[in-house]
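Data block for data-v1.txt (compact mmCIF, C-alpha atoms):
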# COMPACT_ATOMS: atom_id res chain seq x y z
CA MET L 1 -51.85 59.62 -29.12
CA VAL L 2 -49.04 58.37 -31.36
CA PHE L 3 -47.04 55.34 -30.31
CA PRO L 4 -43.51 54.76 -31.48
CA ALA L 5 -43.01 51.57 -33.44
CA ILE L 6 -41.01 50.00 -30.63
CA CYS L 7 -41.08 51.34 -27.08
CA CYS L 8 -38.91 48.83 -25.33
CA ILE L 9 -37.04 45.61 -25.93
CA PHE L 10 -36.10 43.88 -22.69
CA ALA L 11 -33.80 41.26 -24.20
CA SER L 12 -30.37 42.84 -23.96
CA GLU L 13 -28.82 40.79 -26.74
CA MET L 14 -29.66 37.93 -29.06
CA ASN L 15 -28.57 34.47 -28.01
CA GLU L 16 -25.78 33.00 -30.06
CA GLN L 17 -27.74 29.76 -30.40
CA GLN L 18 -30.92 29.75 -32.44
CA PRO L 19 -34.02 29.26 -30.25
CA LEU L 20 -35.99 26.09 -30.83
CA VAL L 21 -39.34 27.93 -30.52
CA SER L 22 -40.33 31.57 -30.84
CA PHE L 23 -43.58 32.25 -28.98
CA ILE L 24 -45.45 35.21 -30.48
CA LEU L 25 -47.89 36.71 -27.97
CA THR L 26 -50.36 39.35 -29.14
CA TYR L 27 -51.71 41.71 -26.48
CA TYR L 28 -54.35 44.45 -26.47
CA ASN L 29 -56.15 46.00 -23.46
CA LEU L 30 -56.17 42.92 -21.24
CA PRO L 31 -55.56 42.64 -17.49
CA VAL L 32 -51.82 42.38 -16.91
CA PRO L 33 -52.19 39.31 -14.61
CA MET L 34 -53.79 37.48 -17.53
CA LEU L 35 -50.77 38.29 -19.72
CA CYS L 36 -48.43 37.18 -16.92
CA GLU L 37 -50.26 33.85 -16.64
CA CYS L 38 -49.70 33.35 -20.34
CA ILE L 39 -45.97 34.14 -20.05
CA ASN L 40 -45.60 31.93 -16.98
CA SER L 41 -47.13 28.99 -18.84
CA ILE L 42 -44.31 29.28 -21.39
CA LEU L 43 -41.58 29.73 -18.78
CA ALA L 44 -42.84 26.58 -17.02
CA LEU L 45 -41.95 24.47 -20.05
CA SER L 46 -38.74 22.44 -20.13
CA LEU L 47 -37.13 24.79 -22.63
CA ARG L 48 -33.83 26.30 -21.55
CA HIS L 49 -33.38 30.06 -21.80
CA PHE L 50 -31.61 29.89 -25.17
CA GLU L 51 -34.17 27.41 -26.56
CA ARG L 52 -37.10 29.80 -26.28
CA GLU L 53 -37.89 33.30 -27.49
CA ILE L 54 -40.96 35.09 -26.12
CA ILE L 55 -42.03 38.05 -28.25
CA ILE L 56 -44.90 40.19 -26.92
CA ILE L 57 -46.52 42.51 -29.43
CA ASP L 58 -48.62 45.17 -27.69
CA ASP L 59 -50.98 46.42 -30.37
CA GLY L 60 -51.34 49.95 -28.99
CA SER L 61 -53.11 49.22 -25.70
CA ASP L 62 -54.55 52.22 -23.86
CA VAL L 63 -52.10 51.53 -21.01
CA SER L 64 -48.82 49.74 -21.55
CA PRO L 65 -48.34 46.59 -19.41
CA MET L 66 -44.60 47.25 -19.28
CA ASN L 67 -44.45 47.92 -15.53
CA GLY L 68 -45.96 44.52 -14.85
CA LEU L 69 -43.45 42.86 -17.18
CA MET L 70 -40.27 44.16 -15.57
CA GLN L 71 -40.09 40.99 -13.46
CA TYR L 72 -39.29 38.93 -16.55
CA GLY L 73 -36.11 40.81 -17.47
CA ASP L 74 -34.45 39.35 -20.54
CA ASP L 75 -36.82 36.37 -20.67
CA ILE L 76 -39.07 38.40 -22.97
CA ILE L 77 -38.95 40.83 -25.87
CA TYR L 78 -41.64 43.49 -25.53
CA VAL L 79 -42.72 45.56 -28.54
CA ARG L 80 -45.34 48.32 -28.49
CA GLN L 81 -46.82 49.59 -31.72
CA LYS L 82 -49.68 51.77 -32.87
CA ASN L 83 -52.99 49.88 -32.91
CA GLN L 84 -53.21 48.17 -36.31
CA GLY L 85 -55.00 44.92 -35.55
CA LEU L 86 -54.11 41.30 -34.89
CA SER L 87 -52.78 40.58 -38.38
CA VAL L 88 -50.20 43.37 -38.30
CA ALA L 89 -49.18 42.43 -34.74
CA ARG L 90 -48.59 38.80 -35.70
CA ASN L 91 -46.75 39.78 -38.87
CA LYS L 92 -44.45 41.95 -36.76
CA GLY L 93 -43.75 38.96 -34.51
CA ILE L 94 -43.04 36.73 -37.51
CA ASP L 95 -40.55 39.22 -38.93
CA MET L 96 -38.75 39.48 -35.58
CA ALA L 97 -38.72 35.77 -34.70
CA GLN L 98 -35.45 33.82 -34.78
CA GLY L 99 -36.71 30.41 -33.66
CA THR L 100 -36.72 27.25 -35.74
CA TYR L 101 -40.41 26.85 -34.89
CA LEU L 102 -43.15 29.43 -34.28
CA GLN L 103 -46.07 29.31 -31.87
CA PHE L 104 -48.81 31.95 -31.73
CA VAL L 105 -50.42 32.50 -28.35
CA ASP L 106 -53.17 35.04 -27.61
CA ALA L 107 -52.35 36.87 -24.39
CA ASP L 108 -55.62 35.87 -22.70
CA ASP L 109 -54.90 32.17 -23.29
CA HIS L 110 -52.07 29.95 -22.10
CA LEU L 111 -50.28 26.69 -22.82
CA ILE L 112 -50.98 23.59 -20.74
CA GLN L 113 -47.68 22.16 -19.61
CA THR L 114 -47.87 18.36 -19.94
CA PRO L 115 -49.70 18.22 -23.29
CA TYR L 116 -47.51 20.96 -24.75
CA GLU L 117 -44.38 19.14 -23.56
CA HIS L 118 -45.61 16.26 -25.72
CA CYS L 119 -45.66 18.62 -28.72
CA LEU L 120 -42.14 19.79 -27.89
CA ASP L 121 -40.93 16.20 -27.65
CA ILE L 122 -42.23 15.56 -31.15
CA ILE L 123 -40.11 18.34 -32.68
CA ARG L 124 -37.11 17.57 -30.47
CA TYR L 125 -36.82 13.99 -31.69
CA ARG L 126 -38.03 14.54 -35.26
CA ARG L 127 -36.46 17.70 -36.62
CA ASP L 128 -37.74 16.80 -40.09
CA ILE L 129 -41.31 17.58 -38.94
CA ASP L 130 -42.66 20.86 -40.32
CA MET L 131 -45.68 21.10 -38.04
CA VAL L 132 -47.42 19.70 -34.98
CA VAL L 133 -51.21 20.02 -34.99
CA PHE L 134 -52.68 19.86 -31.49
CA ASP L 135 -56.01 20.42 -29.76
CA PHE L 136 -57.68 23.04 -27.55
CA THR L 137 -59.59 22.98 -24.30
CA SER L 138 -61.47 25.42 -22.09
CA LYS L 139 -60.90 23.24 -19.03
CA ARG L 140 -57.98 23.74 -16.68
CA GLN L 141 -56.84 20.16 -16.54
CA GLU L 142 -53.95 18.21 -18.01
CA GLN L 143 -53.85 15.05 -20.08
CA THR L 144 -51.31 12.36 -19.33
CA THR L 145 -51.79 10.06 -22.35
CA PHE L 146 -51.70 11.05 -26.00
CA ASN L 147 -52.42 9.54 -29.39
CA ASP L 148 -50.63 10.69 -32.53
CA MET L 149 -51.66 10.04 -36.11
CA PRO L 150 -49.11 8.68 -38.61
CA LEU L 151 -47.00 11.36 -40.25
CA GLN L 152 -48.54 12.87 -43.38
CA THR L 153 -48.40 15.98 -45.49
CA GLY L 154 -50.55 18.98 -44.62
CA THR L 155 -52.36 18.52 -47.92
CA GLU L 156 -53.23 14.91 -47.10
CA TYR L 157 -54.59 15.92 -43.73
CA MET L 158 -56.72 18.75 -45.16
CA ARG L 159 -58.05 16.49 -47.89
CA ASN L 160 -59.52 14.08 -45.33
CA HIS L 161 -60.27 16.18 -42.24
CA ASN L 162 -61.91 19.42 -41.18
CA ILE L 163 -59.16 21.58 -39.74
CA HIS L 164 -59.45 24.11 -36.92
CA GLY L 165 -59.06 27.63 -38.21
CA THR L 166 -57.15 29.35 -35.45
CA ALA L 167 -53.42 29.73 -36.04
CA CYS L 168 -52.73 29.11 -32.33
CA GLY L 169 -53.33 25.39 -32.83
CA TYR L 170 -50.17 24.82 -34.85
CA LEU L 171 -46.49 24.60 -33.86
CA PHE L 172 -44.68 25.00 -37.16
CA LYS L 173 -41.30 25.62 -38.74
CA ARG L 174 -40.63 29.26 -39.53
CA THR L 175 -39.23 28.30 -42.95
CA THR L 176 -42.60 26.70 -43.83
CA LEU L 177 -44.13 30.18 -44.01
CA SER L 178 -41.99 31.44 -46.87
CA GLU L 179 -43.73 34.70 -47.91
CA LEU L 180 -47.08 33.86 -46.25
CA ARG L 181 -48.40 36.52 -43.86
CA PHE L 182 -51.75 37.51 -42.33
CA THR L 183 -53.95 39.89 -44.33
CA PRO L 184 -54.10 43.22 -42.43
CA GLY L 185 -57.33 44.92 -41.46
CA ILE L 186 -59.72 41.96 -41.57
CA TRP L 187 -61.50 39.69 -39.11
CA HIS L 188 -61.26 35.93 -39.58
CA GLU L 189 -57.65 36.36 -40.72
CA ASP L 190 -56.79 32.91 -39.37
CA GLU L 191 -59.24 31.23 -41.73
CA GLU L 192 -57.29 32.55 -44.69
CA PHE L 193 -53.88 31.88 -43.16
CA THR L 194 -54.08 28.33 -41.80
CA PRO L 195 -55.10 26.42 -44.98
CA GLN L 196 -52.27 28.09 -46.88
CA LEU L 197 -49.86 27.22 -44.07
CA LEU L 198 -50.95 23.57 -44.04
CA ILE L 199 -50.50 22.99 -47.77
CA ARG L 200 -46.91 24.23 -47.37
CA ALA L 201 -46.11 21.59 -44.72
CA GLU L 202 -44.47 18.43 -46.06
CA GLN L 203 -44.42 16.51 -42.77
CA ILE L 204 -46.97 17.05 -40.02
CA CYS L 205 -47.78 15.20 -36.83
CA VAL L 206 -51.39 15.42 -35.64
CA THR L 207 -51.89 14.71 -31.94
CA ASN L 208 -54.91 14.72 -29.67
CA ALA L 209 -52.92 16.57 -26.99
CA LYS L 210 -55.10 19.34 -25.55
CA ALA L 211 -52.16 21.68 -25.21
CA TYR L 212 -53.80 25.09 -25.50
CA TYR L 213 -56.19 26.66 -22.99
CA TYR L 214 -58.66 28.91 -24.80
CA PHE L 215 -60.48 31.61 -22.86
CA LYS L 216 -63.69 32.60 -24.63
CA HIS L 217 -64.86 36.16 -24.03
CA PRO L 218 -68.60 36.93 -24.17
CA GLY L 219 -68.14 39.86 -26.56
CA THR L 220 -65.85 38.49 -29.26
CA ILE L 221 -66.11 39.49 -32.91
CA THR L 222 -67.89 36.23 -33.67
CA THR L 223 -70.69 36.97 -31.19
CA THR L 224 -71.09 40.75 -31.43
CA ALA L 225 -74.59 41.44 -32.75
CA ASP L 226 -74.57 45.16 -33.75
CA GLU L 227 -75.19 45.80 -37.44
CA GLU L 228 -71.84 47.43 -38.16
CA SER L 229 -69.95 44.46 -36.70
CA LYS L 230 -72.17 41.98 -38.52
CA THR L 231 -71.63 43.75 -41.83
CA LYS L 232 -67.86 43.80 -41.42
CA ARG L 233 -67.80 40.17 -40.34
CA TYR L 234 -69.79 39.09 -43.39
CA GLU L 235 -67.73 41.20 -45.78
CA ASP L 236 -64.45 39.94 -44.36
CA ILE L 237 -65.34 36.25 -44.40
CA LYS L 238 -66.67 36.59 -47.94
CA GLY L 239 -63.36 38.19 -48.90
CA VAL L 240 -61.50 35.28 -47.32
CA LEU L 241 -63.66 32.80 -49.23
CA THR L 242 -63.13 34.64 -52.51
CA ARG L 243 -59.36 34.79 -52.13
CA LEU L 244 -59.04 31.15 -51.09
CA ASN L 245 -61.30 30.10 -53.96
CA TYR L 246 -59.10 32.10 -56.33
CA LEU L 247 -56.08 30.18 -55.03
CA THR L 248 -57.65 26.79 -55.75
CA ASP L 249 -56.98 27.27 -59.47
CA ARG L 250 -53.41 28.43 -58.86
CA VAL L 251 -52.01 25.89 -56.42
CA PRO L 252 -50.43 22.62 -57.63
CA GLN L 253 -52.99 20.05 -58.76
CA SER L 254 -52.13 17.83 -55.78
CA ASP L 255 -53.13 20.61 -53.36
CA LYS L 256 -56.35 21.61 -55.10
CA PRO L 257 -58.79 19.05 -53.55
CA ALA L 258 -57.58 19.93 -50.04
CA LEU L 259 -58.11 23.64 -50.54
CA GLN L 260 -61.47 23.06 -52.23
CA ARG L 261 -62.64 21.11 -49.21
CA ARG L 262 -61.64 23.93 -46.87
CA VAL L 263 -63.38 26.55 -49.02
CA ALA L 264 -66.56 24.46 -49.08
CA GLN L 265 -66.45 23.98 -45.30
CA LEU L 266 -65.97 27.70 -44.68
CA THR L 267 -68.75 28.55 -47.12
CA MET L 268 -71.10 26.20 -45.28
CA ASP L 269 -70.18 27.81 -41.96
CA TYR L 270 -70.73 31.26 -43.46
CA ILE L 271 -74.23 30.36 -44.70
CA TYR L 272 -75.01 28.80 -41.32
CA GLN L 273 -74.06 32.01 -39.49
CA VAL L 274 -76.16 34.12 -41.86
CA ILE L 275 -79.18 31.93 -41.11
CA ILE L 276 -78.93 31.92 -37.31
CA GLN L 277 -78.03 35.60 -36.98
CA ASN L 278 -80.40 37.14 -39.53
CA ARG L 279 -83.33 34.69 -39.60
CA SER L 280 -84.34 36.35 -42.86
CA SER L 281 -85.06 34.64 -46.17
CA GLN L 282 -84.28 37.89 -47.98
CA ALA L 283 -80.87 38.22 -46.32
CA LEU L 284 -80.11 34.55 -47.01
CA ASN L 285 -81.12 34.80 -50.67
CA GLU L 286 -78.95 37.90 -51.13
CA VAL L 287 -75.96 36.14 -49.61
CA LEU L 288 -76.49 33.01 -51.70
CA GLU L 289 -76.75 35.10 -54.86
CA GLY L 290 -73.47 36.83 -54.01
CA LEU L 291 -71.79 33.47 -53.36
CA LYS L 292 -73.19 32.14 -56.64
CA ASN L 293 -71.62 35.04 -58.52
CA GLU L 294 -68.25 34.11 -56.99
CA GLY L 295 -68.63 30.43 -57.93
CA LEU L 296 -69.07 29.42 -54.28
CA PHE L 297 -72.70 28.27 -54.42
CA PRO L 298 -74.26 25.74 -54.77
CA LEU L 299 -71.92 23.88 -52.45
CA PRO L 300 -69.86 21.18 -54.21
CA ASP L 301 -71.38 17.70 -54.34
CA ARG L 302 -68.83 16.02 -52.09
CA ASN L 303 -69.20 13.71 -49.07
CA TYR L 304 -66.87 15.69 -46.84
CA SER L 305 -68.88 14.87 -43.74
CA GLN L 306 -72.40 13.83 -42.79
CA LYS L 307 -73.19 17.36 -41.63
CA TYR L 308 -71.86 18.86 -44.87
CA THR L 309 -73.83 16.47 -47.07
CA TRP L 310 -77.05 17.19 -45.15
CA PHE L 311 -76.52 20.96 -45.22
CA ARG L 312 -75.66 21.01 -48.94
CA ARG L 313 -78.85 19.17 -49.83
CA MET L 314 -81.00 21.46 -47.68
CA THR L 315 -79.56 24.69 -49.11
CA ASN L 316 -80.05 23.48 -52.68
CA SER L 317 -83.85 23.79 -52.49
CA LYS L 318 -86.23 26.57 -51.53
CA PHE L 319 -88.08 24.22 -49.20
CA GLY L 320 -84.84 23.12 -47.53
CA ARG L 321 -83.78 26.72 -46.96
CA THR L 322 -87.18 27.47 -45.40
CA VAL L 323 -86.73 24.55 -43.01
CA LEU L 324 -83.23 25.73 -42.09
CA LEU L 325 -84.47 29.26 -41.41
CA SER L 326 -87.16 27.98 -39.05
CA THR L 327 -85.08 25.39 -37.19
CA LEU L 328 -81.40 26.41 -37.00
CA PRO L 329 -81.95 29.61 -34.96
CA LEU L 330 -83.96 27.61 -32.42
CA LEU L 331 -81.33 24.86 -32.19
CA SER L 332 -78.60 27.46 -31.78
CA LYS L 333 -80.54 29.20 -28.99
CA GLU L 334 -81.00 25.91 -27.14
CA ARG L 335 -77.24 25.38 -27.11

Kindly transcribe the structure held in the file into C-alpha cells.
Amino acid sequence: MVFPAICCIFASEMNEQQPLVSFILTYYNLPVPMLCECINSILALSLRHFEREIIIIDDGSDVSPMNGLMQYGDDIIYVRQKNQGLSVARNKGIDMAQGTYLQFVDADDHLIQTPYEHCLDIIRYRRDIDMVVFDFTSKRQEQTTFNDMPLQTGTEYMRNHNIHGTACGYLFKRTTLSELRFTPGIWHEDEEFTPQLLIRAEQICVTNAKAYYYFKHPGTITTTADEESKTKRYEDIKGVLTRLNYLTDRVPQSDKPALQRRVAQLTMDYIYQVIIQNRSSQALNEVLEGLKNEGLFPLPDRNYSQKYTWFRRMTNSKFGRTVLLSTLPLLSKER
C-alpha cells in the first residue's frame, strides 16, 4: 500500500505570531488513546493557542489514527507518510516546525505538567537560553520543587557529565540545529544526534525537573533478542561510534574533549551490551578487534566516572574480560 506524503493537515492556516514551542510527535501503530493522552498533556500546558504548534508525524501506521484526532481540530497538524523510520519522521517535523523552540515527544509518552511548566518558565524569562535539559520518570507523579544548575555551554556540560542520549530530554532552539538532522535508517539515532546538538548550544540550563513520562515497552529495539535484530543493533551503534569519533578531529578544539568523553561512554556501553547479550569470549574479542581498528579501543585513560575507570581497567586485560563475561550477565539478570 502506498501512502501519500501528506494525507491531512488539520491546521487551517498558520498563526501570524511565531509559536514559542513546536512539539514534534512521532507515531507508529500505537493505540489511539495513548496518542490522545500525549496530545492532552501538551494542551494542558499554560501555552496559548498561538504559542504552541503540535505536529504529529504518522510514520505509515497500518491504520491511520485520524478519526480519533478529529476532536482536536486546528490544535494539531497531522501528517501521514510512508513508513521510513523514526529519523525520517523527526526530520520531517523539524522541516515543518515554525516554533522558536523544538520538543520531541514519542506518542506513547507524555509531558508532566508542573515540571514541564518549570522548563517553559526558563525559556519564557531567559530568551537567550538555547536549551533546557530536563529529566525523565516512569512514575505518574509530579514534582513541586526544582533545582537548576548555573548556566553553561553544552560543551562544558558534556565535558563534565554523562548525558542522556534520547532527544526527547531537551527543549532547544530551532536555530541551534543549523543543518543537523537525524541519520535515516538506523537504530540508536539519538545517540548520534544529541551530542552534536549539545556542542552547538551556547547557553543551556540543566534542571532536575522530571518533566517527561517515559513508557518502556517490553519489546523495544534495545531488548529484542533475535539474531537479526542484534546484528543490526550492533552494526548501527558501531556506525554511530565511528561517525562521532570521526567528528572529534573536525570539531573546534574547545569541543573535542566533550565529544571524546561521549564517544568513550558510548563505547563502554556498547562493550557492556555485547558481554551481557552474547556471553561469548569469541564474540567479545571480535568486537574489541573491530573497535581497535577504528581507534575506539582500548578505552581512553580518563577518570570520567568511577564506573568508567573500573570498566576500562577490566577490559584492558584478558583476565579482566574473563571476569566480566562471568559476572556481568548474572548481575544484569538479577536486576

Report the closest atom pair, with its distance in Å rounded to one decimal, for each residue of region 173-210 of chain L that has an atom no farther than 8 Å from region 136-156 of chain L; count all atoms listed in the file, sort by chain and then rising residue number, and write it as a Markdown table.
| residue | atom | partner | partner_atom | distance |
| --- | --- | --- | --- | --- |
| L:Leu198 | CA | L:Gly154 | CA | 4.6 |
| L:Ile199 | CA | L:Thr155 | CA | 4.8 |
| L:Arg200 | CA | L:Gly154 | CA | 7.0 |
| L:Ala201 | CA | L:Gly154 | CA | 5.2 |
| L:Glu202 | CA | L:Thr153 | CA | 4.7 |
| L:Gln203 | CA | L:Thr153 | CA | 4.8 |
| L:Ile204 | CA | L:Gln152 | CA | 5.6 |
| L:Cys205 | CA | L:Leu151 | CA | 5.2 |
| L:Val206 | CA | L:Met149 | CA | 5.4 |
| L:Thr207 | CA | L:Asp148 | CA | 4.3 |
| L:Asn208 | CA | L:Asn147 | CA | 5.8 |
| L:Ala209 | CA | L:Phe146 | CA | 5.7 |
| L:Lys210 | CA | L:Phe136 | CA | 4.9 |

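Within 9 Å of region 311-323 of chain L, once all atoms listed in the file are used and residues closer than 2 positions along the same chain are dropped, the contacting residues are Met268, Ile271, Tyr272, Ser281, Leu284, Phe297, Pro298, Leu299, Pro300, Asp301, Gln306, Lys307, Tyr308, Thr309, Leu325, Ser326, Thr327 and Leu328 of chain L.
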
Using only C-alpha atoms, which residues sit within 12 Å of Thr194 (chain L) once same-chain residues fewer than 3 positions away are excluded, as a PyMOL selection string?
chain L and resi 104+131+133+154-155+158+162-172+176-177+180-183+188-191+197-201+240+244+259+262-263

List the spatial neighbours of Arg174 (chain L) as a list in words - criterion: any atom at most 12 Å away, only C-alpha atoms, same-chain residues fewer than 6 positions off excluded.
Pro19, Leu20, Val21, Ser22, Phe23, Ile24, Gly93, Ile94, Asp95, Met96, Ala97, Gln98, Gly99, Thr100, Tyr101, Leu102, Gln103, Phe104, Ile129, Asp130, Met131, Leu180, Arg181, Leu197, Arg200 and Ala201 of chain L

Point (-60.3, 41.7, -42.4) neighbourhood (12 Å, only C-alpha atoms) written as a ChimeraX atom specification:
/L:84-88,182-193,221,229,231-241,243

Need to verify the contact set: Pro329 (chain L), 8 Å, only C-alpha atoms, exclusion of same-chain residues closer than 6 positions in sequence. Can you return it as a tab-separated table (two decimals) with C-alpha atoms, in the frame of the given file?
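Saved as result.tsv:
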chain	number	residue	atom	x	y	z
L	275	ILE	CA	-79.18	31.93	-41.11
L	276	ILE	CA	-78.93	31.92	-37.31
L	277	GLN	CA	-78.03	35.60	-36.98
L	279	ARG	CA	-83.33	34.69	-39.60

Choose the residue, out of L:Ser61, L:Ser280, L:Asn83, L:Gln260, that has the smallest atom-to-atom separation from Gly295 (chain L); count all atoms listed in the file.
L:Gln260

Any idea what's packed within 7 Å of Gln113 (chain L), counting all atoms listed in the file, ignoring anything in its chain fewer than 3 positions away? Could you give it as a ChimeraX atom specification?
/L:41,45,116-117

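With CA of Gln81 (chain L) on one side and CA of Ile57 (chain L) on the other, the separation reads 7.4 Å.
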
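Counting all atoms listed in the file, the residue from L:Ile56, L:Asn67, L:Asp62, L:Ala211 that sits nearest to Val132 (chain L) is L:Ala211.
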
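The gap separating CA of Glu53 (chain L) from CA of Lys82 (chain L) is 22.6 Å, in Å to one decimal.
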
Take every atom of region 31-34 of chain L listed in the file, pad by 5 Å on each side, and give me the axis-aligned box centre and edge lengths in Å, one decimal, as JSON.
{"center_x": -53.7, "center_y": 40.1, "center_z": -16.1, "size_x": 13.7, "size_y": 15.2, "size_z": 12.9}

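Put simply, CA of Tyr78 (chain L) is 14.9 Å away from CA of Asn40 (chain L).
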
Given only C-alpha atoms as the counted atoms, nearest of L:Ile39, L:Asn160, L:Asn278, L:Ile55 to Glu227 (chain L):
L:Asn278

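The nearest approach to Arg302 (chain L) among the residues L:Leu120, L:Leu331, L:Ala44, L:Ala264, with only C-alpha atoms taken into account, belongs to L:Ala264.
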